[in-house]
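Data block for final01.cif (mmCIF, C-alpha atoms and all ligand atoms):
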data_work
loop_
_atom_site.label_atom_id
_atom_site.label_comp_id
_atom_site.auth_asym_id
_atom_site.auth_seq_id
_atom_site.Cartn_x
_atom_site.Cartn_y
_atom_site.Cartn_z
CA MET A 3 129.35 48.16 162.16
CA THR A 4 126.59 50.66 161.46
CA PRO A 5 123.14 49.03 161.21
CA GLY A 6 122.13 48.67 157.59
CA ARG A 7 125.65 48.85 156.27
CA ALA A 8 126.46 45.19 156.51
CA ALA A 9 123.85 44.32 153.90
CA LEU A 10 125.06 46.83 151.32
CA THR A 11 127.04 45.74 148.29
CA GLY A 12 129.95 47.75 146.97
CA GLN A 13 127.73 48.74 144.07
CA ALA A 14 125.06 50.12 146.40
CA GLU A 15 127.73 52.06 148.25
CA ASP A 16 128.91 53.59 144.96
CA TYR A 17 125.34 54.66 144.16
CA LEU A 18 124.97 56.43 147.49
CA LYS A 19 128.26 58.25 147.01
CA VAL A 20 127.34 59.38 143.51
CA ILE A 21 123.86 60.51 144.61
CA TYR A 22 125.48 62.54 147.40
CA GLU A 23 127.80 64.23 144.92
CA ILE A 24 125.02 65.12 142.50
CA GLU A 25 122.76 66.37 145.30
CA ARG A 26 125.60 68.49 146.59
CA ASP A 27 125.32 70.50 143.40
CA GLY A 28 121.74 71.24 144.44
CA GLU A 29 119.51 68.92 142.44
CA ALA A 30 117.81 65.61 143.05
CA ALA A 31 119.88 62.92 141.31
CA ALA A 32 118.26 62.07 137.97
CA THR A 33 118.63 58.51 136.68
CA THR A 34 120.62 59.73 133.69
CA ALA A 35 123.03 61.67 135.91
CA ILE A 36 123.60 58.63 138.14
CA ALA A 37 124.16 56.40 135.10
CA GLU A 38 126.59 58.84 133.58
CA ARG A 39 128.72 59.06 136.70
CA LEU A 40 128.77 55.30 137.22
CA HIS A 41 129.42 54.63 133.52
CA ILE A 42 126.43 52.32 133.22
CA ALA A 43 123.24 52.27 131.15
CA PRO A 44 120.34 54.38 132.58
CA ALA A 45 118.07 51.31 132.31
CA SER A 46 120.11 49.50 134.94
CA VAL A 47 119.80 52.30 137.49
CA SER A 48 116.13 51.99 138.41
CA GLY A 49 116.39 48.50 139.94
CA MET A 50 119.12 49.55 142.32
CA VAL A 51 117.30 52.78 143.16
CA ARG A 52 114.20 50.78 144.14
CA ARG A 53 116.31 48.54 146.33
CA LEU A 54 117.93 51.53 148.04
CA ALA A 55 114.48 53.07 148.58
CA ARG A 56 113.24 49.85 150.21
CA GLN A 57 116.21 49.98 152.56
CA GLY A 58 115.30 53.53 153.55
CA LEU A 59 118.47 55.01 152.06
CA VAL A 60 116.91 57.18 149.35
CA VAL A 61 113.54 58.68 148.48
CA VAL A 62 112.38 58.90 144.90
CA GLU A 63 110.86 62.21 143.84
CA ARG A 64 108.66 61.67 140.82
CA TYR A 65 109.94 63.24 137.60
CA ARG A 66 112.89 64.74 139.43
CA GLY A 67 115.15 62.05 140.74
CA VAL A 68 116.51 60.57 143.93
CA ARG A 69 117.47 62.14 147.23
CA LEU A 70 119.33 60.62 150.16
CA THR A 71 117.54 60.08 153.45
CA PRO A 72 119.51 61.01 156.58
CA LYS A 73 120.47 57.33 156.84
CA GLY A 74 121.59 57.24 153.20
CA ARG A 75 123.58 60.41 153.70
CA ARG A 76 125.34 58.87 156.69
CA VAL A 77 126.44 55.88 154.63
CA ALA A 78 127.49 58.11 151.72
CA LEU A 79 129.64 60.27 153.99
CA GLN A 80 131.20 57.18 155.51
CA MET A 81 132.18 56.00 152.03
CA ILE A 82 133.56 59.40 151.14
CA ARG A 83 135.56 59.45 154.37
CA ARG A 84 137.05 56.06 153.51
CA HIS A 85 137.89 57.13 149.99
CA ARG A 86 139.59 60.33 151.03
CA VAL A 87 141.47 58.86 153.99
CA LEU A 88 142.75 56.08 151.73
CA GLU A 89 143.89 58.59 149.12
CA SER A 90 145.64 60.65 151.79
CA TYR A 91 147.39 57.59 153.18
CA LEU A 92 148.48 56.34 149.77
CA VAL A 93 149.99 59.71 148.87
CA THR A 94 151.48 60.64 152.24
CA ARG A 95 152.75 57.28 153.43
CA LEU A 96 153.14 55.09 150.38
CA GLY A 97 154.51 57.61 147.90
CA TYR A 98 151.74 57.44 145.32
CA GLY A 99 151.33 60.43 143.01
CA TRP A 100 148.12 62.42 143.48
CA ASP A 101 147.05 61.41 139.98
CA GLY A 102 147.32 57.70 140.71
CA VAL A 103 145.29 57.17 143.86
CA HIS A 104 141.66 57.58 142.86
CA ASP A 105 141.14 54.19 141.22
CA GLU A 106 143.09 52.43 143.96
CA ALA A 107 140.90 54.09 146.62
CA GLU A 108 137.74 53.23 144.66
CA ARG A 109 138.62 49.55 145.06
CA LEU A 110 139.89 49.63 148.64
CA GLU A 111 137.07 51.73 150.10
CA HIS A 112 134.65 48.81 149.96
CA ALA A 113 136.97 46.46 151.81
CA ALA A 114 138.41 48.65 154.56
CA SER A 115 136.79 48.45 158.00
CA PRO A 116 135.86 51.65 159.86
CA ASP A 117 138.55 50.80 162.41
CA LEU A 118 141.28 50.56 159.76
CA ILE A 119 140.19 53.90 158.29
CA ASP A 120 140.21 55.58 161.71
CA ARG A 121 143.70 54.21 162.38
CA MET A 122 144.96 55.41 159.02
CA ALA A 123 143.49 58.85 159.66
CA ALA A 124 145.03 58.96 163.14
CA ALA A 125 148.43 57.92 161.75
CA LEU A 126 148.23 60.95 159.45
CA GLY A 127 147.19 63.29 162.27
CA ASP A 128 143.51 63.34 161.23
CA PRO A 129 143.86 65.46 158.08
CA THR A 130 140.88 67.66 157.17
CA VAL A 131 141.39 67.54 153.39
CA ASP A 132 142.61 64.88 150.97
CA PRO A 133 145.47 65.29 148.46
CA HIS A 134 143.09 66.92 145.97
CA GLY A 135 141.88 69.43 148.54
CA ALA A 136 138.50 67.73 149.12
CA PRO A 137 137.22 67.82 152.71
CA ILE A 138 137.43 64.54 154.65
CA PRO A 139 134.23 63.79 156.59
CA ARG A 140 134.97 63.26 160.28
CA ALA A 141 134.45 59.91 162.00
CA ASP A 142 131.22 61.31 163.51
CA GLY A 143 129.82 61.88 160.01
CA THR A 144 130.06 65.67 159.90
CA VAL A 145 131.82 67.50 157.08
CA ASP A 146 132.51 71.08 155.98
CA ASP A 147 131.49 70.69 152.38
CA ALA A 148 130.70 74.22 151.21
CA ARG A 149 130.12 74.84 147.54
CA LEU A 150 133.04 76.70 146.06
CA PRO A 151 133.39 78.89 142.98
CA VAL A 152 135.53 77.55 140.14
CA LEU A 153 138.42 79.22 138.39
CA ASN A 154 136.13 80.00 135.48
CA ASP A 155 133.97 82.17 137.80
CA LEU A 156 136.77 84.70 138.36
CA ALA A 157 136.62 88.04 136.59
CA VAL A 158 139.70 89.26 134.76
CA GLY A 159 142.12 90.72 137.31
CA GLU A 160 140.72 88.72 140.23
CA GLN A 161 142.71 86.15 142.10
CA GLY A 162 141.89 83.13 144.19
CA ARG A 163 143.60 80.34 146.06
CA VAL A 164 143.12 76.81 144.74
CA ALA A 165 140.99 74.90 147.25
CA ARG A 166 140.43 71.61 145.48
CA MET A 167 140.19 69.93 142.15
CA SER A 168 138.19 67.11 140.66
CA ASP A 169 140.12 63.87 141.20
CA ARG A 170 138.41 61.66 138.64
CA ASP A 171 140.69 62.18 135.70
CA PRO A 172 144.36 61.32 136.32
CA ALA A 173 145.38 62.99 133.04
CA LEU A 174 143.79 66.26 134.15
CA LEU A 175 145.58 66.05 137.51
CA ARG A 176 148.92 65.43 135.81
CA TYR A 177 148.29 68.36 133.49
CA LEU A 178 147.41 70.68 136.37
CA GLY A 179 150.47 69.43 138.26
CA GLU A 180 152.69 70.33 135.32
CA LEU A 181 151.24 73.86 135.37
CA GLY A 182 151.94 74.11 139.10
CA ILE A 183 148.21 74.27 139.87
CA ARG A 184 147.61 72.48 143.19
CA PRO A 185 145.62 73.14 146.36
CA GLY A 186 147.01 76.17 148.21
CA VAL A 187 148.47 77.87 145.12
CA THR A 188 147.25 81.40 144.30
CA LEU A 189 146.02 82.03 140.75
CA ARG A 190 145.16 85.26 139.01
CA LEU A 191 142.98 85.48 135.94
CA VAL A 192 144.96 87.66 133.55
CA ASP A 193 142.79 87.48 130.47
CA ARG A 194 139.80 85.71 129.03
CA ALA A 195 139.31 85.38 125.28
CA PRO A 196 135.76 86.23 124.11
CA PHE A 197 133.09 83.64 123.29
CA ASP A 198 134.19 81.08 125.87
CA GLY A 199 137.73 81.23 124.59
CA PRO A 200 140.72 80.16 126.66
CA LEU A 201 141.81 81.79 129.91
CA THR A 202 145.23 83.17 130.63
CA VAL A 203 146.13 82.42 134.22
CA ALA A 204 149.08 83.63 136.26
CA VAL A 205 150.61 81.00 138.54
CA GLY A 206 153.39 82.73 140.43
CA ARG A 207 155.52 84.31 137.72
CA ALA A 208 154.36 81.90 135.02
CA ARG A 209 151.48 82.51 132.60
CA HIS A 210 149.44 79.62 131.27
CA VAL A 211 146.68 79.49 128.70
CA ILE A 212 144.06 76.93 129.71
CA GLY A 213 140.71 75.77 128.35
CA VAL A 214 137.33 76.56 129.92
CA THR A 215 136.72 72.87 130.69
CA VAL A 216 139.84 72.76 132.82
CA ALA A 217 138.87 76.05 134.49
CA THR A 218 135.55 74.55 135.65
CA ARG A 219 137.28 71.67 137.45
CA VAL A 220 139.52 73.79 139.65
CA TYR A 221 137.72 75.09 142.75
CA ILE A 222 138.94 78.21 144.44
CA ARG A 223 138.57 79.97 147.74
CA ASP A 224 137.76 83.62 147.59
CA ASP A 225 140.95 85.59 148.11
CA ARG A 226 139.88 88.86 146.59
CA ARG A 227 140.86 91.32 149.28
ZN ZN B 1 139.22 59.95 144.56
#
With the file now loaded, output its structure as structure tokens.
Ligand SMILES: [Zn+2]
Amino acid sequence: MTPGRAALTGQAEDYLKVIYEIERDGEAAATTAIAERLHIAPASVSGMVRRLARQGLVVVERYRGVRLTPKGRRVALQMIRRHRVLESYLVTRLGYGWDGVHDEAERLEHAASPDLIDRMAAALGDPTVDPHGAPIPRADGTVDDARLPVLNDLAVGEQGRVARMSDRDPALLRYLGELGIRPGVTLRLVDRAPFDGPLTVAVGRARHVIGVTVATRVYIRDDRR
């Protein structure tokens, strides 16, 4: 077991994961942003942040928020690896739908040992992405986690291949599934109504009209050639 991990509660692990995700978007993680993602009151965040800082897992930048230390980042990536390997296993081996695995993985990730996770990954042939297209950190803690444009960033007439989608909202995943929007599928932006109006998207031969909110949760790979 990694030094420092044994003492961490599941709650602390969730904090580190959330801070990683916020920081990935480029900013230090503000208390309010952490609270929002964990669905808790902002007032309850500061105590845990102080504890994480004492353990050398985060540094607090005054007036800006919290950043992970290299040690904190290692733990966060370990948690993300567990989460994504579990999701992959549940979908590939146990027949779960891609919209039903997130909550299950949220619970299991705190209990699974690193050895179990490595065995699950090996049984799947060490996949590089999870069922939602998110990259799986390797056992050595490295990950290819480039920031990607979203569907809403496309100009009319441009196309892109779906790389990944946010996995937090099962209803959104079901909806996207019904439209045939999944990782690997090529989309073309056919039209965009003015003033942040809906987007018309071509998926194969089908045309779908989708809202801007949905279009910001679908990440694409540039495929503009
Ligand atoms: Zn998930």
Work out where the centre of an axis-aligned box around every listed atom of segment 81-87 of chain A lies and how long its edges are once 6 Å is added on each side; give both in Å to one decimal as AutoDock Vina command-line options.
--center_x 136.8 --center_y 58.2 --center_z 152.2 --size_x 21.3 --size_y 16.3 --size_z 16.4
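For the atom pair formed by atom CA of Arg219 of chain A and atom CA of Ile183 of chain A, the distance is 11.5 Å, given to one decimal.
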Env. residues ligand ZN 1 (chain B) / 12 Å / all atoms listed in the file / as a PyMOL selection string:
chain A and resi 19-20+81-90+92-93+100-111+131-138+166-172+175
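In this structure, atom CA of Tyr22 of chain A sits 14.6 Å away from atom CA of Ala55 of chain A.
What separates atom CA of Tyr65 of chain A from atom CA of Met50 of chain A is a distance of 17.1 Å.
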Show which residues sit within 7 Å of segment 122-125 of chain A, as a list in words. Count all atoms listed in the file, and ignore same-chain residues fewer than 3 positions away.
Val87, Tyr91, Leu118, Ile119, Asp128 and Pro129 of chain A
Excluding segment 191-207 of chain A and residues on its chain fewer than 4 positions from it, collect all residues at most 8 Å away from it, counting only C-alpha atoms, and give them as a VMD selection string.
chain A and resid 156 to 161 181 to 183 187 211 to 214 217
Using all atoms listed in the file: which of A:Arg69, A:Arg209, A:Arg163, A:Arg140 has the shortest distance to Arg26 of chain A
A:Arg69
I want to know what sits within 12 Å of Glu63 of chain A, based on all atoms listed in the file, with residues of the same chain fewer than 6 positions away left out; could you give that as a PDB file with C-alpha atoms, in the frame of the given file?
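Resulting contents of out_3.pdb:
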ATOM      1  CA  GLU A  29     119.510  68.920 142.440  1.00  0.00           C
ATOM      2  CA  ALA A  30     117.810  65.610 143.050  1.00  0.00           C
ATOM      3  CA  ALA A  31     119.880  62.920 141.310  1.00  0.00           C
ATOM      4  CA  ALA A  32     118.260  62.070 137.970  1.00  0.00           C
ATOM      5  CA  THR A  33     118.630  58.510 136.680  1.00  0.00           C
ATOM      6  CA  VAL A  51     117.300  52.780 143.160  1.00  0.00           C
ATOM      7  CA  ARG A  52     114.200  50.780 144.140  1.00  0.00           C
ATOM      8  CA  ALA A  55     114.480  53.070 148.580  1.00  0.00           C
ATOM      9  CA  ARG A  69     117.470  62.140 147.230  1.00  0.00           C
ATOM     10  CA  LEU A  70     119.330  60.620 150.160  1.00  0.00           C
ATOM     11  CA  THR A  71     117.540  60.080 153.450  1.00  0.00           C
TER      12      THR A  71
END
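You can rank A:Ile42, A:Val220, A:Leu178, A:Ala173 by their closest distance to Asp155 of chain A using all atoms listed in the file, and at the top of that list sits A:Val220.
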Residue completion, segment 102-123 of chain A, N, CA and C atoms, as a short mmCIF file (atom, residue, chain, number, x, y, z; two decimals), in the frame of the given file:
data_model
loop_
_atom_site.label_atom_id
_atom_site.label_comp_id
_atom_site.auth_asym_id
_atom_site.auth_seq_id
_atom_site.Cartn_x
_atom_site.Cartn_y
_atom_site.Cartn_z
N GLY A 102 147.41 59.16 140.82
CA GLY A 102 147.32 57.70 140.71
C GLY A 102 146.53 57.01 141.79
N VAL A 103 145.90 57.79 142.68
CA VAL A 103 145.29 57.17 143.86
C VAL A 103 143.78 56.94 143.76
N HIS A 104 143.12 57.65 142.86
CA HIS A 104 141.66 57.58 142.86
C HIS A 104 141.13 56.16 142.60
N ASP A 105 141.63 55.52 141.54
CA ASP A 105 141.14 54.19 141.22
C ASP A 105 141.47 53.17 142.30
N GLU A 106 142.68 53.32 142.87
CA GLU A 106 143.09 52.43 143.96
C GLU A 106 142.12 52.59 145.14
N ALA A 107 141.81 53.84 145.49
CA ALA A 107 140.90 54.09 146.62
C ALA A 107 139.49 53.60 146.31
N GLU A 108 139.07 53.72 145.05
CA GLU A 108 137.74 53.23 144.66
C GLU A 108 137.60 51.74 145.00
N ARG A 109 138.69 50.99 144.77
CA ARG A 109 138.62 49.55 145.06
C ARG A 109 138.71 49.28 146.55
N LEU A 110 139.63 49.94 147.23
CA LEU A 110 139.89 49.63 148.64
C LEU A 110 138.77 50.09 149.56
N GLU A 111 138.06 51.13 149.18
CA GLU A 111 137.07 51.73 150.10
C GLU A 111 135.96 50.75 150.49
N HIS A 112 135.71 49.76 149.64
CA HIS A 112 134.65 48.81 149.96
C HIS A 112 135.12 47.71 150.92
N ALA A 113 136.43 47.55 151.00
CA ALA A 113 136.97 46.46 151.81
C ALA A 113 137.44 46.92 153.19
N ALA A 114 137.81 48.17 153.31
CA ALA A 114 138.41 48.65 154.56
C ALA A 114 137.36 48.75 155.66
N SER A 115 137.71 48.33 156.86
CA SER A 115 136.79 48.45 158.00
C SER A 115 136.87 49.87 158.55
N PRO A 116 135.81 50.31 159.25
CA PRO A 116 135.86 51.65 159.86
C PRO A 116 137.06 51.80 160.79
N ASP A 117 137.42 50.73 161.49
CA ASP A 117 138.55 50.80 162.41
C ASP A 117 139.86 51.07 161.66
N LEU A 118 140.06 50.35 160.56
CA LEU A 118 141.28 50.56 159.76
C LEU A 118 141.36 52.00 159.28
N ILE A 119 140.22 52.52 158.80
CA ILE A 119 140.19 53.90 158.29
C ILE A 119 140.53 54.88 159.41
N ASP A 120 139.94 54.67 160.59
CA ASP A 120 140.21 55.58 161.71
C ASP A 120 141.69 55.53 162.09
N ARG A 121 142.28 54.33 162.05
CA ARG A 121 143.70 54.21 162.38
C ARG A 121 144.58 54.90 161.34
N MET A 122 144.20 54.73 160.07
CA MET A 122 144.96 55.41 159.02
C MET A 122 144.88 56.92 159.19
N ALA A 123 143.67 57.41 159.47
CA ALA A 123 143.49 58.85 159.66
C ALA A 123 144.32 59.34 160.85
#
